Amino acid sequence: MFPPESWGRQGAGVFREATGAAIHAPMLDILRPDREPPQAPHAGSGAVGDAAPTPMMAQFLEIKERHADCLLFYRMGDFYELFFDDAVAASAALGITLTKRGKHLGADIPMAGVPVVSSDDYLQKLIGLGFRVAVCEQVEDPAEAKKRGGKSVVRRDVVRLVTPGTITEETLLEPGRPNYLMCLSRIGGAAGAYAIAWTDLSTGLFRIAQTSADQLSADVLAMEPSEVVVADTLATDEALGPLVQRLGRRLRVEPAVLFDGATAEERLCRFFGVSTLDGFGTFGRAELSAGAALLAYLARTQLKAHPPLSPPRRVEAGSYLRIDPATRASLELTRTVAGKRQGSLLATIDRCLTGAGSRLLGARLALPLTDPAGISERQDSVAVLAEEGTLRRRLRECLRGLPDIDRALSRLGLDRGGPRDLGALAEGLERAGAIARELAGADLGHELAEALAALEARPLALAVSLTDTLADDLPLQRRDGGFVRAGADPDLDETRALRDHSRRVVAELQARYAGETGIRSLKVKHNNVLGYFVEVPEAQGPAMLAGGAFHHRQTLASAMRFSTPELADLEARITEAGSKALAIELALFSGLRDAVLAEIDAIRAVSDALAVIDVSAGLAELAVAADWVRPVVDGTLAFFIECGRHPVVEAALKGGGQSFVANDCDLSPPQGVSGKAGGAGAIWLITGPNMGGKSTFLRQNALIAVLAQIGAFVPATKAHIGVVDRLFSRVGASDDLAEGRSTFMVEMVETAAILNQATERTLVVLDEIGRGTSTYDGLSIAFASVEHLHEVNRARALFATHFHEMTALAARLKRLRNATVRVKEWEGEVIFLHEVTSGVADRSYGVQVARLAGLPPAVVERARQILSELERSGQGEKRTAFLDDLPLFSQAARAPAAPPPSPALDALAALDPDALTPREALEALYRLKGLVATKP
């Protein structure tokens, strides 16, 4: 590693941000990608007697100084080279060779490099590890540098900063997953207003929302951002504590000047070229601050490129179902507890055929609606396509393989697009026309009708121009040329003919030279250094020199190279024709790009319409294939599901040839209680055995509510759901060791959030509250929690427990109902029926489940013995007596108490008459008589 003592005026690892604030980092921290790397040595900091840096290295050091917090990908020919500590870090992170290149200030310069053609793969890995990368390209023609003479080097500069939230390359992105960059802002003190703004740079989406300290984590994590930017003055905000831990390396701290609220509105207006934001909506100061900060951060990372963002759209706080992070994780909405997409609800319901459709479905799942009218419009779209099978199949056939219009459009807007991006737009607009023709004349709902109108308003002239200009087989890069169709431009056709004819002349010239010299192995070749040259084996070189017609250019180990005036003239003509042809193509590309950007709003509308159609058709396909129904969603407090099923579990069982046991659930208010203020839903207290299906039942009803409010059909035969404003699910055990929280502490924190925030419109799903501590503590907490849900929150709730004593609450809590999961015992075996019915479980069958899990037989048998002893010793009665002493439960009606223990009966039960002799039997009888006589 470059020695710290040679860093001159910069000091050991001190570098400066754009604000000029000094940040200190030890040299070795470069190997930790979550820390900002130190700055490379300054070009002018050489010690006395040391040679000055080479011009190339001086250029590198000057550029690196301006981007000290990034790894610098410095373009040299076909490679991106990294030097000094950047090379050390990249070598360790990527597993590439660390070498050296010359010396600087008396020490070897570490160097590593990656090929330009495969740089995306390396970028993806570095970004995933939390690095930021500055991409430094040549910004002038090498010929211009030669004209300056001396030791001039080709001018280079950073063209972009690559960060997790700003990537746009197709190879670095998941087609069906958005890549959100988010900014979080606060205006005022600790009790001030919070806001978030987020964008997907790859598609141009731009949203702003107000939030609060208690909703901060839920709102941020709902969007699963790849990068979250906060001001350095906000980094220590107490409300950010839980969020910082969850975000980890995704959190980026930037100078507070980016979030300046005083200039925020002006900056937003300037970016979108408007005099006022009134046309976009009404935004608070915190929202303006977050939106302007996002634009400022994009300006810092995209440099000269102007991101083609859509105008900001405000997300109203009450317009979507609030789901906290613990609930999202518990229900596995978008990822399983293992972090995988497969097995999540999103993966199960995603039948979309386009990347844009999958992203829209994911966005809807992140923010389910609370407006019954909006939900109904989405349901109408699904219903139309579910009923019209032929139309649905035709639409899906048109959508299959559709290019990603949004991302192609964004790359073109950032001037990173290539011919294939133009081709994607051409094909997308053509497919849009075909889909519009399929939809025309159909009886469509409001949402699909709007989509059809957007398709019919597509820019037809642009679509024709793209199709007529672009070739069928398109290269990836515009610099490769060959992407303009023959016949599209007369000047280009003429220039190409000249270029191609000249290339044929080269072949003819090679044949003539071979004939004249008699050297059959003679070749006419070309490279970027010598241009065109004649190459022969070394043994034939003297004969070529003797003739005088060929001029010696270069001698290699096994060959000699020559030139001729004729070849030099031909090279000039070929080069000129090739350059001219490429220049014409590049001009045509620029013209097409400008035409596309002039129609960007219409093209985006087409893309949005196609995504809506894809989502609706995909959900309709799922509804038909899986036999799902349209739920009634309204403003009441109803919650009735007939024959509901868990969508993910059912799909998994079908894959194995098994069927799912459906169950009803009714949490609707009692008869006569409406959905108006003061109403309240039911609470089901569910008991039953382990492995009986309680957790599955709890989750499936929560998932059905989510599906209903994104506008999808649901896995049931009938469903009526009054809009849920918040969803809480506390199912399963987990800990948070990084925060020093035990399993029970995490359980209590999540339960506290539920009891403090739930309303009568909330759906609460709780499983095994209080099981993480002692029996009496846990039972008390569980009792109190159910009473609070019933009397204070008045929420619709499912509460599963193994505390059978709690079933006594049904006698005094009028909206609490007991339910149980049925089992059947057969010849000592337990059969789980997975049916939920009214009633109370007699026991939990934990020992039987332990046996099924594979505990050693000796352990299972010993557990049976201990359980039997505990049941005989009256522990259950003692627990009931304990509850009698608590004022909290003093009024609760209980089941009749079991009779007090009898020593005589216990002794009698322990006797084995068949094993007793007559004398032993007589003695036992006397003992029993004595026990009865001494009974108090």
# chains A, B, ... in the order shown; residues from 1 in each chain; ligands from 1
>>> select_by_dssp(residues="segment 444-682 of chain A", states="strand (DSSP E or B)", output="ChimeraX atom specification")
/A:470,484,523-527,531-537,551-555,559-563,629,632-634,639-644,663-666
>>> write_last_selection(atoms="C-alpha atoms", output="mmCIF file, in the first residue's frame")
data_model
loop_
_atom_site.group_PDB
_atom_site.id
_atom_site.type_symbol
_atom_site.label_atom_id
_atom_site.label_comp_id
_atom_site.auth_asym_id
_atom_site.auth_seq_id
_atom_site.Cartn_x
_atom_site.Cartn_y
_atom_site.Cartn_z
ATOM 1 C CA LEU A 470 -33.093 1.497 -37.945
ATOM 2 C CA VAL A 484 -28.965 2.577 -40.029
ATOM 3 C CA LYS A 523 -0.889 -10.319 -46.130
ATOM 4 C CA VAL A 524 -2.215 -6.745 -46.091
ATOM 5 C CA LYS A 525 -3.201 -5.953 -42.475
ATOM 6 C CA HIS A 526 -4.271 -3.017 -40.336
ATOM 7 C CA ASN A 527 -3.833 -1.812 -36.768
ATOM 8 C CA GLY A 531 -2.518 1.762 -40.232
ATOM 9 C CA TYR A 532 -2.400 -0.481 -43.325
ATOM 10 C CA PHE A 533 0.803 -2.466 -43.928
ATOM 11 C CA VAL A 534 2.173 -5.455 -45.810
ATOM 12 C CA GLU A 535 3.352 -8.353 -43.620
ATOM 13 C CA VAL A 536 5.548 -11.262 -44.713
ATOM 14 C CA PRO A 537 7.469 -13.952 -42.791
ATOM 15 C CA HIS A 551 9.422 0.535 -47.614
ATOM 16 C CA HIS A 552 10.375 -1.134 -44.327
ATOM 17 C CA ARG A 553 8.145 -0.207 -41.365
ATOM 18 C CA GLN A 554 8.672 -2.711 -38.553
ATOM 19 C CA THR A 555 10.525 -5.934 -37.732
ATOM 20 C CA ALA A 559 7.656 -11.210 -39.412
ATOM 21 C CA MET A 560 8.559 -8.003 -41.213
ATOM 22 C CA ARG A 561 6.186 -5.203 -42.147
ATOM 23 C CA PHE A 562 6.320 -2.831 -45.159
ATOM 24 C CA SER A 563 4.332 -0.031 -46.745
ATOM 25 C CA VAL A 629 -62.887 -14.294 -6.620
ATOM 26 C CA VAL A 632 -66.299 -6.598 -2.019
ATOM 27 C CA VAL A 633 -64.213 -3.712 -0.647
ATOM 28 C CA ASP A 634 -66.061 -0.799 0.940
ATOM 29 C CA PHE A 639 -64.248 -8.574 7.415
ATOM 30 C CA PHE A 640 -65.827 -11.749 6.137
ATOM 31 C CA ILE A 641 -63.964 -14.416 4.174
ATOM 32 C CA GLU A 642 -65.563 -17.655 3.081
ATOM 33 C CA CYS A 643 -63.261 -20.587 2.341
ATOM 34 C CA GLY A 644 -60.121 -18.470 2.409
ATOM 35 C CA ASN A 663 -61.307 -21.858 6.278
ATOM 36 C CA ASP A 664 -63.818 -19.125 6.995
ATOM 37 C CA CYS A 665 -63.058 -15.973 8.955
ATOM 38 C CA ASP A 666 -65.574 -13.390 10.180
#
>>> residues_around(residues="segment 218-223 of chain A", least_positions_apart="3", cutoff="8 Å", atoms="only C-alpha atoms", output="list in words")
Tyr180, Ile196, Thr211, Gln215, Arg322, Ile323, Asp324, Pro325, Ala363, Ala366 and Leu367 of chain A
>>> closest_residue(among="A:Gly655, A:Gly722, A:Gly77, A:Pro669", to="Arg815 of chain A", atoms="only C-alpha atoms")
A:Pro669
>>> residues_around(residues="segment 589-598 of chain A", least_positions_apart="2", cutoff="7 Å", atoms="only C-alpha atoms", output="JSON, numbers by chain")
{"A": [412, 413, 585, 586, 587, 600]}
>>> write_last_selection(atoms="C-alpha atoms", output="short mmCIF file (atom, residue, chain, number, x, y, z; two decimals), in the first residue's frame")
data_model
loop_
_atom_site.label_atom_id
_atom_site.label_comp_id
_atom_site.auth_asym_id
_atom_site.auth_seq_id
_atom_site.Cartn_x
_atom_site.Cartn_y
_atom_site.Cartn_z
CA LEU A 412 -31.47 7.91 -24.07
CA GLY A 413 -32.38 10.90 -21.91
CA GLU A 585 -24.89 7.52 -38.67
CA LEU A 586 -24.10 9.35 -35.44
CA ALA A 587 -25.88 12.44 -36.75
CA ILE A 600 -41.09 11.75 -23.97
#
>>> select_by_dssp(residues="segment 312-441 of chain A", states="alpha helix (DSSP H)", output="PDB file with C-alpha atoms, in the first residue's frame")
ATOM      1  CA  PRO A 325     -41.447  -3.238   8.506  1.00  0.00           C
ATOM      2  CA  ALA A 326     -42.007  -6.074  10.999  1.00  0.00           C
ATOM      3  CA  THR A 327     -45.334  -6.893   9.369  1.00  0.00           C
ATOM      4  CA  ARG A 328     -43.854  -6.820   5.866  1.00  0.00           C
ATOM      5  CA  ALA A 329     -41.169  -9.245   6.996  1.00  0.00           C
ATOM      6  CA  SER A 330     -43.648 -11.451   8.870  1.00  0.00           C
ATOM      7  CA  LEU A 331     -46.025 -11.718   5.916  1.00  0.00           C
ATOM      8  CA  LEU A 345     -46.405 -13.135  -2.040  1.00  0.00           C
ATOM      9  CA  LEU A 346     -45.116 -10.965  -4.899  1.00  0.00           C
ATOM     10  CA  ALA A 347     -43.417 -13.888  -6.610  1.00  0.00           C
ATOM     11  CA  THR A 348     -46.579 -15.984  -6.225  1.00  0.00           C
ATOM     12  CA  ILE A 349     -48.962 -13.469  -7.797  1.00  0.00           C
ATOM     13  CA  GLY A 355     -40.455  -5.688 -16.550  1.00  0.00           C
ATOM     14  CA  ALA A 356     -42.640  -2.581 -16.338  1.00  0.00           C
ATOM     15  CA  GLY A 357     -45.641  -4.696 -15.359  1.00  0.00           C
ATOM     16  CA  SER A 358     -43.739  -6.480 -12.597  1.00  0.00           C
ATOM     17  CA  ARG A 359     -42.464  -3.154 -11.251  1.00  0.00           C
ATOM     18  CA  LEU A 360     -45.982  -1.702 -11.209  1.00  0.00           C
ATOM     19  CA  LEU A 361     -47.325  -4.757  -9.398  1.00  0.00           C
ATOM     20  CA  GLY A 362     -44.534  -4.446  -6.825  1.00  0.00           C
ATOM     21  CA  ALA A 363     -45.320  -0.749  -6.359  1.00  0.00           C
ATOM     22  CA  ARG A 364     -48.990  -1.537  -5.776  1.00  0.00           C
ATOM     23  CA  LEU A 365     -48.066  -4.193  -3.237  1.00  0.00           C
ATOM     24  CA  ALA A 366     -45.832  -1.679  -1.444  1.00  0.00           C
ATOM     25  CA  PRO A 372     -62.747   1.898  -2.311  1.00  0.00           C
ATOM     26  CA  ALA A 373     -63.396   3.704  -5.612  1.00  0.00           C
ATOM     27  CA  GLY A 374     -59.778   3.385  -6.723  1.00  0.00           C
ATOM     28  CA  ILE A 375     -59.718  -0.268  -5.701  1.00  0.00           C
ATOM     29  CA  SER A 376     -62.912  -0.911  -7.625  1.00  0.00           C
ATOM     30  CA  GLU A 377     -61.430   0.577 -10.811  1.00  0.00           C
ATOM     31  CA  ARG A 378     -58.508  -1.845 -10.621  1.00  0.00           C
ATOM     32  CA  GLN A 379     -60.882  -4.738  -9.930  1.00  0.00           C
ATOM     33  CA  ASP A 380     -62.927  -3.793 -12.982  1.00  0.00           C
ATOM     34  CA  SER A 381     -59.845  -4.179 -15.175  1.00  0.00           C
ATOM     35  CA  VAL A 382     -59.101  -7.625 -13.755  1.00  0.00           C
ATOM     36  CA  ALA A 383     -62.742  -8.662 -14.051  1.00  0.00           C
ATOM     37  CA  VAL A 384     -62.993  -7.682 -17.730  1.00  0.00           C
ATOM     38  CA  LEU A 385     -59.924  -9.686 -18.678  1.00  0.00           C
ATOM     39  CA  ALA A 386     -60.879 -12.621 -16.449  1.00  0.00           C
ATOM     40  CA  GLU A 387     -64.220 -12.906 -18.234  1.00  0.00           C
ATOM     41  CA  GLY A 389     -60.440 -15.205 -22.052  1.00  0.00           C
ATOM     42  CA  THR A 390     -59.748 -14.767 -25.765  1.00  0.00           C
ATOM     43  CA  LEU A 391     -58.959 -11.069 -25.363  1.00  0.00           C
ATOM     44  CA  ARG A 392     -56.706 -11.796 -22.378  1.00  0.00           C
ATOM     45  CA  ARG A 393     -54.722 -14.420 -24.271  1.00  0.00           C
ATOM     46  CA  ARG A 394     -54.257 -12.135 -27.280  1.00  0.00           C
ATOM     47  CA  LEU A 395     -53.109  -9.258 -25.107  1.00  0.00           C
ATOM     48  CA  ARG A 396     -50.628 -11.447 -23.246  1.00  0.00           C
ATOM     49  CA  GLU A 397     -49.248 -12.740 -26.512  1.00  0.00           C
ATOM     50  CA  CYS A 398     -48.643  -9.154 -27.636  1.00  0.00           C
ATOM     51  CA  LEU A 399     -47.013  -8.303 -24.301  1.00  0.00           C
ATOM     52  CA  ILE A 405     -39.594   1.197 -22.898  1.00  0.00           C
ATOM     53  CA  ASP A 406     -39.099   3.156 -19.668  1.00  0.00           C
ATOM     54  CA  ARG A 407     -35.499   2.121 -19.144  1.00  0.00           C
ATOM     55  CA  ALA A 408     -34.573   2.568 -22.803  1.00  0.00           C
ATOM     56  CA  LEU A 409     -36.100   6.047 -22.679  1.00  0.00           C
ATOM     57  CA  SER A 410     -34.189   6.937 -19.521  1.00  0.00           C
ATOM     58  CA  ARG A 411     -30.842   5.835 -20.965  1.00  0.00           C
ATOM     59  CA  LEU A 412     -31.474   7.912 -24.072  1.00  0.00           C
ATOM     60  CA  GLY A 413     -32.379  10.898 -21.905  1.00  0.00           C
ATOM     61  CA  PRO A 419     -29.119   1.822 -31.118  1.00  0.00           C
ATOM     62  CA  ARG A 420     -30.845  -1.032 -29.278  1.00  0.00           C
ATOM     63  CA  ASP A 421     -32.616   1.466 -27.035  1.00  0.00           C
ATOM     64  CA  LEU A 422     -34.025   3.208 -30.112  1.00  0.00           C
ATOM     65  CA  GLY A 423     -34.975  -0.214 -31.434  1.00  0.00           C
ATOM     66  CA  ALA A 424     -36.751  -0.996 -28.158  1.00  0.00           C
ATOM     67  CA  LEU A 425     -38.864   2.140 -28.539  1.00  0.00           C
ATOM     68  CA  ALA A 426     -39.663   1.306 -32.149  1.00  0.00           C
ATOM     69  CA  GLU A 427     -40.804  -2.182 -31.234  1.00  0.00           C
ATOM     70  CA  GLY A 428     -42.666  -0.958 -28.161  1.00  0.00           C
ATOM     71  CA  LEU A 429     -44.646   1.606 -30.138  1.00  0.00           C
ATOM     72  CA  GLU A 430     -45.434  -0.993 -32.786  1.00  0.00           C
ATOM     73  CA  ARG A 431     -46.677  -3.451 -30.142  1.00  0.00           C
ATOM     74  CA  ALA A 432     -48.695  -0.651 -28.529  1.00  0.00           C
ATOM     75  CA  GLY A 433     -50.575  -0.256 -31.802  1.00  0.00           C
ATOM     76  CA  ALA A 434     -51.346  -3.977 -31.941  1.00  0.00           C
ATOM     77  CA  ILE A 435     -52.613  -3.962 -28.342  1.00  0.00           C
ATOM     78  CA  ALA A 436     -54.738  -0.875 -29.012  1.00  0.00           C
ATOM     79  CA  ARG A 437     -56.397  -2.696 -31.903  1.00  0.00           C
ATOM     80  CA  GLU A 438     -57.163  -5.678 -29.643  1.00  0.00           C
ATOM     81  CA  LEU A 439     -58.764  -3.452 -26.997  1.00  0.00           C
TER      82      LEU A 439
END
>>> closest_residue(among="A:Phe280, A:Phe83, A:Tyr513, A:Tyr74", to="Ile208 of chain A", atoms="only C-alpha atoms")
A:Phe280
>>> closest_residue(among="A:Asp86, A:Asp371, A:Arg504, A:Leu333", to="Gln700 of chain A", atoms="only C-alpha atoms")
A:Leu333
>>> closest_residue(among="A:Leu251, A:Ala609, A:Ala858, A:Ala317", to="Tyr194 of chain A", atoms="only C-alpha atoms")
A:Ala317
>>> atom_distance(atom1="atom CA of Phe803 of chain A", atom2="atom CA of Phe697 of chain A")
18.1 Å
>>> residues_around(residues="Gly102 of chain A", least_positions_apart="6", cutoff="10 Å", atoms="only C-alpha atoms", output="CSV table (one decimal) with C-alpha atoms, in the first residue's frame")
chain,number,residue,atom,x,y,z
A,53,PRO,CA,4.9,12.4,-11.5
A,54,THR,CA,4.4,11.5,-15.2
A,57,MET,CA,-0.2,10.1,-13.2
A,108,ASP,CA,5.7,1.5,-6.1
A,109,ILE,CA,2.3,2.5,-7.4
A,110,PRO,CA,-0.3,-0.3,-6.8
A,111,MET,CA,-2.4,-1.0,-9.9
